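Working notes, structure below.
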Amino acid sequence: MLTEWLGPKAVALETRGLTRRLHARAAGDDLIDLAGNDYLGLSRDSRVIEAAAEAVCTWGTGSTASRLVTGTTALHEELEQELAAYAGQESALVFSSGYLANLGVVTALAGPGTLLISDEHVHASLVDACRLSRSRVEIVPHNDVDAVAKLLAERNERHAVVITESIFSVLSDEAPLTDLAATAQQYEALLLVDEAHGLGVTGNGHGSVHAAGLAGQDHVVVTMTLSKAMASQGGVVLGPSVLRDHLINRSRPFIYDTGLNPAAVAAALAALRVLQAEPHRPAAIHAATARLAAAFDVPPPAGPIVSIPMPGPHETVRAANFCHTNGIRVGSFRPPSVPDNISRLRLTANAALTDPALTQAIRTIQTALTP
């Protein structure tokens with residue numbers, strides 16, 4: 001039955017060059033990585049690894065239950081307190097993934113009587129959260145503050161949440177956070193900012209919300225992931241303590257999910273402490289992205305991602321495969337993962353890239369792009 005049902009769908013994807021496949025990464029391979037999101041270069045840092053290993057020995061391999069049962073450890077509370085302080089927020093709450101953090105906060109704030117206004121380029125986790133929200137959802141053109149203001153002014157709902165990312169995940173451009181925050185405040189709405197690509201990168205590591213002077217404002221809510229700059233796994237919602245209390249009691253992805261395992265919590269906590277001790281790391285990310293952007297004649301990105309437009313899905317896959325064969329791992333982004341339906345090679349810089357590695361990567365990618 002499934003072959004007859006799904007077979008034609010698989011053929012259609014293959015014909016369009018949109019089939020996704022899993023590729024196992026070998027431990028310790030020597031490829032230059034421009035595809036992963038280890039922005040600070042800490043996933044193999046001995047201090048982070050040792051912290052995770054110590055947590056396994058102390059707490060075991062799993063958190064054993066949901067955060068409300070036995071899944072909260074002293075490590076969870078340490079991470080929440082230190083990350084909130086670093087980001088300039090009153091409180092933080094750790095979820096088991098960034099996806100669930102977005103899902104959890106949006107659905108807990110939403111429902112009948114709340115309008116959600118979402119930028120058209122937001123991450124799939126926020127898209128899915130809006131779909132599950134039971135709210136009226138309006139999608140606005142990318143970074144269009146006037147469109148947001150119009151919807152807020154004309155709404156019938158008592159509450160509203162404006163949803164955006166600080167640094168967008170494909171084009172690596174930045175949201176007009178100051179204008180969005182002012183507009184939201186004018187119309188008594190919340191601004192929800194996903195800092196997945198801002199933490200550890202922008203604002204000298206503190207994130208774009210902090211850099212814009214919006215950290216700690218009671219109408220601004222922030223989500224972050226621990227799987228990128230923090231070299232671990234998990235997600236976090238940050239904001240006023242009243243929001244944290246609300247999520248603990250009303251967020252289904254928090255209440256009914258097993259807590260983040262202690263090793264991941266310890267790794268993220270160690271990475272945060274390395275970032276604070278070595279504040280030069282974010283500047284190294286920006287230097288690498290500037291060099292990559294210049295080499296491929298694309299606008300300098302606000303975040304850690306350099307996005308190279310490609311003629312189509314097939315060409316994107318061929319170029320990525322060529323790079324892999326020649327020692328460079330790059331991202332291959334095709335619809336529906338790209339907001340403008342333009343297939344792209346996606347290069348992510350990290351603070352550990354050396355000059356020789358960047359030179360080799362640039363030469364290889366340039367060859368892959370040569371007709």
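Residues in the structure tokens are numbered from 1 in each chain, the chains being A, B, ... in the order shown, and ligands are numbered from 1 in the order shown.
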>> List as number ranges by chain the protein and nucleic acid residues near range 56-65 of chain A, meaning an atom at most 6 Å away when only C-alpha atoms are counted, but skip any in the same chain fewer than 6 places from it.
In response: A: 71, 258-259, 261, 263
>> So that I can check the surroundings of Ala92 in chain A, please list as a list in words every protein, DNA and RNA residue that reaches within 6 Å of it, counting only C-alpha atoms and ignoring chain neighbours fewer than 6 positions away.
In response: Glu80, Ala84, Val237 and Leu238 of chain A
>> Env of range 144-161 of chain A: 12 Å cut, atoms = only C-alpha atoms, seq-sep filter 4 positions within chain, self excluded. Answer as a PyMOL selection string.
In response: chain A and resi 105-121+130+133+135-140+175-193+219-221
> Among range 141-320 of chain A, which residues carry a DSSP assignment of alpha helix (DSSP H), reported as a ChimeraX atom specification?
Replying inline: /A:145-154,177-186,208-211,241-250,252-255,262-277,281-295,313-320
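Considering the residues A:Val209, A:Ala349, A:Val306, A:Ala231 and counting only C-alpha atoms, Ala264 in chain A has its shortest atom-to-atom contact with A:Ala231.
The nearest approach to Gly17 in chain A among the residues A:Pro335, A:Gln360, A:Gly216, A:Ile365, with only C-alpha atoms taken into account, belongs to A:Pro335.
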> From the set A:Asp173, A:Ser332, A:Met230, A:Ile342, which residue has the shortest atom-to-atom contact distance to Arg20 in chain A, counting only C-alpha atoms?
Replying inline: A:Ser332
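The list of residues with at least one atom within 8 Å of Arg329 in chain A, based on only C-alpha atoms and without residues fewer than 4 positions apart in the same chain, reads Leu31, Ile32, Asp33, Leu34, Ala35, Ala320, Cys323 and His324 of chain A.
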Include all heavy atoms and write out the residues we just selected as a short mmCIF file (atom, residue, chain, number, x, y, z; two decimals), in the first residue's frame.
```
data_model
loop_
_atom_site.label_atom_id
_atom_site.label_comp_id
_atom_site.auth_asym_id
_atom_site.auth_seq_id
_atom_site.Cartn_x
_atom_site.Cartn_y
_atom_site.Cartn_z
N LEU A 31 37.19 17.05 6.54
CA LEU A 31 36.56 18.04 5.67
C LEU A 31 36.52 19.41 6.35
O LEU A 31 36.35 19.50 7.58
CB LEU A 31 35.14 17.62 5.29
CG LEU A 31 34.98 16.75 4.05
CD1 LEU A 31 35.58 15.37 4.25
CD2 LEU A 31 33.51 16.64 3.65
N ILE A 32 36.67 20.45 5.59
CA ILE A 32 36.48 21.80 6.09
C ILE A 32 34.97 22.05 6.13
O ILE A 32 34.29 21.95 5.11
CB ILE A 32 37.18 22.83 5.19
CG1 ILE A 32 38.69 22.59 5.20
CG2 ILE A 32 36.85 24.25 5.64
CD1 ILE A 32 39.44 23.41 4.16
N ASP A 33 34.45 22.34 7.31
CA ASP A 33 33.00 22.40 7.50
C ASP A 33 32.47 23.82 7.34
O ASP A 33 32.69 24.68 8.19
CB ASP A 33 32.64 21.85 8.87
CG ASP A 33 31.13 21.70 9.05
OD1 ASP A 33 30.40 21.85 8.05
OD2 ASP A 33 30.69 21.42 10.17
N LEU A 34 31.75 24.05 6.24
CA LEU A 34 31.03 25.30 6.03
C LEU A 34 29.53 25.04 5.95
O LEU A 34 28.79 25.83 5.38
CB LEU A 34 31.50 26.00 4.75
CG LEU A 34 32.95 26.48 4.72
CD1 LEU A 34 33.25 27.15 3.38
CD2 LEU A 34 33.22 27.46 5.85
N ALA A 35 29.09 23.92 6.50
CA ALA A 35 27.68 23.56 6.46
C ALA A 35 27.04 23.53 7.84
O ALA A 35 25.86 23.83 7.99
CB ALA A 35 27.49 22.20 5.78
N ALA A 320 27.39 21.13 -4.48
CA ALA A 320 27.65 20.67 -3.12
C ALA A 320 28.39 19.34 -3.13
O ALA A 320 29.32 19.12 -2.33
CB ALA A 320 26.34 20.56 -2.34
N CYS A 323 32.03 19.91 -4.03
CA CYS A 323 32.77 20.44 -2.87
C CYS A 323 33.09 19.33 -1.87
O CYS A 323 34.22 19.25 -1.36
CB CYS A 323 31.96 21.54 -2.20
SG CYS A 323 31.81 23.06 -3.17
N HIS A 324 32.12 18.47 -1.60
CA HIS A 324 32.33 17.39 -0.64
C HIS A 324 33.43 16.45 -1.11
O HIS A 324 34.30 16.05 -0.33
CB HIS A 324 31.02 16.63 -0.43
CG HIS A 324 31.07 15.64 0.70
ND1 HIS A 324 31.57 14.36 0.55
CD2 HIS A 324 30.70 15.75 2.00
CE1 HIS A 324 31.50 13.72 1.70
NE2 HIS A 324 30.97 14.54 2.60
#
```
> Could you pull the residues within 10 Å of Asn102 in chain A, counting only C-alpha atoms, minus those fewer than 2 positions along the same chain, as number ranges by chain?
Replying inline: A: 95, 97-100, 104-108, 123-130, 192-194, 222-225, 235-237, 253
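By chain and then residue number, the residues within 10 Å of Thr316 in chain A are Gly17, Ile308, Pro309, Met310, Pro311, Asn321, Phe322, Gly331, Ser332, Phe333, Arg334, Ser343, Arg344, Leu345, Arg346, Ala368 and Leu369 of chain A, counting only C-alpha atoms and disregarding those fewer than 5 positions away in sequence.
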Can I get the selected residues back with all heavy atoms, as a short mmCIF file (atom, residue, chain, number, x, y, z; two decimals), in the first residue's frame?
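Output file result-v9.cif is given in full below:
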```
data_model
loop_
_atom_site.label_atom_id
_atom_site.label_comp_id
_atom_site.auth_asym_id
_atom_site.auth_seq_id
_atom_site.Cartn_x
_atom_site.Cartn_y
_atom_site.Cartn_z
N GLY A 17 14.61 17.49 -8.51
CA GLY A 17 15.86 17.72 -7.80
C GLY A 17 15.68 18.10 -6.36
O GLY A 17 16.54 18.77 -5.77
N ILE A 308 24.63 31.81 -1.48
CA ILE A 308 24.98 31.98 -2.89
C ILE A 308 23.84 31.49 -3.76
O ILE A 308 23.55 30.29 -3.79
CB ILE A 308 26.27 31.21 -3.24
CG1 ILE A 308 27.42 31.63 -2.32
CG2 ILE A 308 26.64 31.42 -4.69
CD1 ILE A 308 28.68 30.81 -2.51
N PRO A 309 23.15 32.37 -4.49
CA PRO A 309 22.06 31.93 -5.37
C PRO A 309 22.57 31.00 -6.47
O PRO A 309 23.66 31.20 -7.01
CB PRO A 309 21.52 33.23 -5.96
CG PRO A 309 22.01 34.31 -5.05
CD PRO A 309 23.33 33.83 -4.52
N MET A 310 21.77 29.99 -6.79
CA MET A 310 22.12 29.00 -7.80
C MET A 310 21.02 28.93 -8.86
O MET A 310 19.88 29.31 -8.62
CB MET A 310 22.30 27.63 -7.15
CG MET A 310 23.43 27.56 -6.14
SD MET A 310 25.06 27.76 -6.88
CE MET A 310 25.20 26.20 -7.77
N PRO A 311 21.35 28.42 -10.07
CA PRO A 311 20.35 28.37 -11.14
C PRO A 311 19.16 27.49 -10.82
O PRO A 311 18.04 27.75 -11.30
CB PRO A 311 21.14 27.81 -12.34
CG PRO A 311 22.57 28.11 -12.03
CD PRO A 311 22.69 28.02 -10.55
N ASN A 321 28.01 18.44 -4.03
CA ASN A 321 28.69 17.14 -4.12
C ASN A 321 30.13 17.30 -4.58
O ASN A 321 31.04 16.61 -4.08
CB ASN A 321 27.93 16.22 -5.08
CG ASN A 321 26.62 15.73 -4.50
OD1 ASN A 321 26.42 15.76 -3.29
ND2 ASN A 321 25.72 15.27 -5.36
N PHE A 322 30.37 18.22 -5.51
CA PHE A 322 31.74 18.49 -5.96
C PHE A 322 32.59 18.98 -4.78
O PHE A 322 33.73 18.54 -4.59
CB PHE A 322 31.74 19.52 -7.09
CG PHE A 322 33.11 19.93 -7.54
CD1 PHE A 322 33.76 19.23 -8.56
CD2 PHE A 322 33.78 21.01 -6.96
CE1 PHE A 322 35.05 19.60 -8.97
CE2 PHE A 322 35.05 21.38 -7.37
CZ PHE A 322 35.68 20.67 -8.39
N GLY A 331 26.36 23.69 2.59
CA GLY A 331 24.93 23.44 2.64
C GLY A 331 24.33 23.54 1.25
O GLY A 331 24.74 24.35 0.43
N SER A 332 23.33 22.70 1.01
CA SER A 332 22.60 22.70 -0.25
C SER A 332 21.13 22.95 0.07
O SER A 332 20.42 22.03 0.46
CB SER A 332 22.79 21.34 -0.96
OG SER A 332 21.94 21.23 -2.08
N PHE A 333 20.70 24.18 -0.12
CA PHE A 333 19.34 24.55 0.26
C PHE A 333 18.46 24.70 -0.97
O PHE A 333 18.78 25.44 -1.89
CB PHE A 333 19.35 25.87 1.06
CG PHE A 333 19.55 25.67 2.53
CD1 PHE A 333 20.44 24.72 3.00
CD2 PHE A 333 18.84 26.41 3.45
CE1 PHE A 333 20.64 24.52 4.35
CE2 PHE A 333 19.02 26.22 4.82
CZ PHE A 333 19.91 25.27 5.27
N ARG A 334 17.35 23.97 -0.97
CA ARG A 334 16.41 23.98 -2.09
C ARG A 334 15.00 24.15 -1.56
O ARG A 334 14.76 23.94 -0.37
CB ARG A 334 16.52 22.66 -2.86
CG ARG A 334 17.86 22.42 -3.52
CD ARG A 334 18.08 20.93 -3.78
NE ARG A 334 18.39 20.21 -2.55
CZ ARG A 334 18.26 18.89 -2.41
NH1 ARG A 334 17.82 18.16 -3.42
NH2 ARG A 334 18.56 18.30 -1.26
N SER A 343 17.13 28.26 -5.13
CA SER A 343 18.08 27.31 -4.55
C SER A 343 19.40 28.01 -4.28
O SER A 343 19.82 28.90 -5.03
CB SER A 343 18.28 26.14 -5.51
OG SER A 343 17.09 25.40 -5.66
N ARG A 344 20.08 27.58 -3.22
CA ARG A 344 21.30 28.27 -2.80
C ARG A 344 22.33 27.31 -2.22
O ARG A 344 21.97 26.31 -1.59
CB ARG A 344 20.97 29.33 -1.73
CG ARG A 344 20.03 30.41 -2.20
CD ARG A 344 19.55 31.28 -1.04
NE ARG A 344 18.60 32.27 -1.49
CZ ARG A 344 18.93 33.46 -2.00
NH1 ARG A 344 20.21 33.80 -2.08
NH2 ARG A 344 18.02 34.30 -2.42
N LEU A 345 23.59 27.64 -2.42
CA LEU A 345 24.64 27.09 -1.58
C LEU A 345 24.69 27.95 -0.33
O LEU A 345 24.72 29.18 -0.41
CB LEU A 345 25.99 27.11 -2.28
CG LEU A 345 26.23 26.11 -3.41
CD1 LEU A 345 27.66 26.22 -3.90
CD2 LEU A 345 25.93 24.68 -2.98
N ARG A 346 24.67 27.31 0.82
CA ARG A 346 24.63 28.05 2.09
C ARG A 346 25.92 27.74 2.85
O ARG A 346 26.18 26.60 3.22
CB ARG A 346 23.41 27.62 2.90
CG ARG A 346 23.22 28.34 4.24
CD ARG A 346 21.91 27.84 4.84
NE ARG A 346 21.56 28.43 6.11
CZ ARG A 346 21.90 27.94 7.30
NH1 ARG A 346 22.63 26.84 7.37
NH2 ARG A 346 21.50 28.53 8.41
N ALA A 368 33.65 24.82 -8.23
CA ALA A 368 32.34 24.17 -8.33
C ALA A 368 31.31 25.04 -9.03
O ALA A 368 30.39 24.54 -9.68
CB ALA A 368 31.84 23.82 -6.93
N LEU A 369 31.48 26.35 -8.94
CA LEU A 369 30.52 27.28 -9.55
C LEU A 369 30.87 27.61 -10.99
O LEU A 369 30.08 28.26 -11.68
CB LEU A 369 30.47 28.59 -8.73
CG LEU A 369 29.97 28.45 -7.29
CD1 LEU A 369 30.05 29.79 -6.58
CD2 LEU A 369 28.56 27.91 -7.26
#
```
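Within range 73-160 of chain A, the backbone-based DSSP assignment of strand (DSSP E) covers A:Ser91, A:Ala92, A:Leu93, A:Val94, A:Phe95, A:Thr114, A:Leu115, A:Leu116, A:Ile117, A:Ser118, A:Asp119, A:Arg136, A:Val137, A:Glu138, A:Ile139, A:Val140, A:His159, A:Ala160.
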> Do you have the CA of Asp297 in chain A-CA of Gln366 in chain A distance handy?
Replying inline: 11.2 Å
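What separates CA of Ala211 in chain A from CA of Arg244 in chain A is a distance of 22.7 Å.
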> Using only C-alpha atoms, which residues sit within 12 Å of Ser232 in chain A once same-chain residues fewer than 3 positions away are excluded, as number ranges by chain?
Replying inline: A: 37-45, 48-49, 51-52, 96-98, 225-229, 235, 260-272
>> Using only C-alpha atoms, can you tell me which of A:Glu14, A:Gly88, A:Ala284, A:Leu68 comes closest to Ala212 in chain A?
In response: A:Gly88
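Counting only C-alpha atoms, the residue from A:Leu103, A:Ala357, A:Leu6, A:Leu79 that sits nearest to Ser251 in chain A is A:Leu103.
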>> I'd like to know which of A:Ala302, A:Ala293, A:Ala215, A:Leu132 is closest to Val201 in chain A, using only C-alpha atoms.
In response: A:Ala302
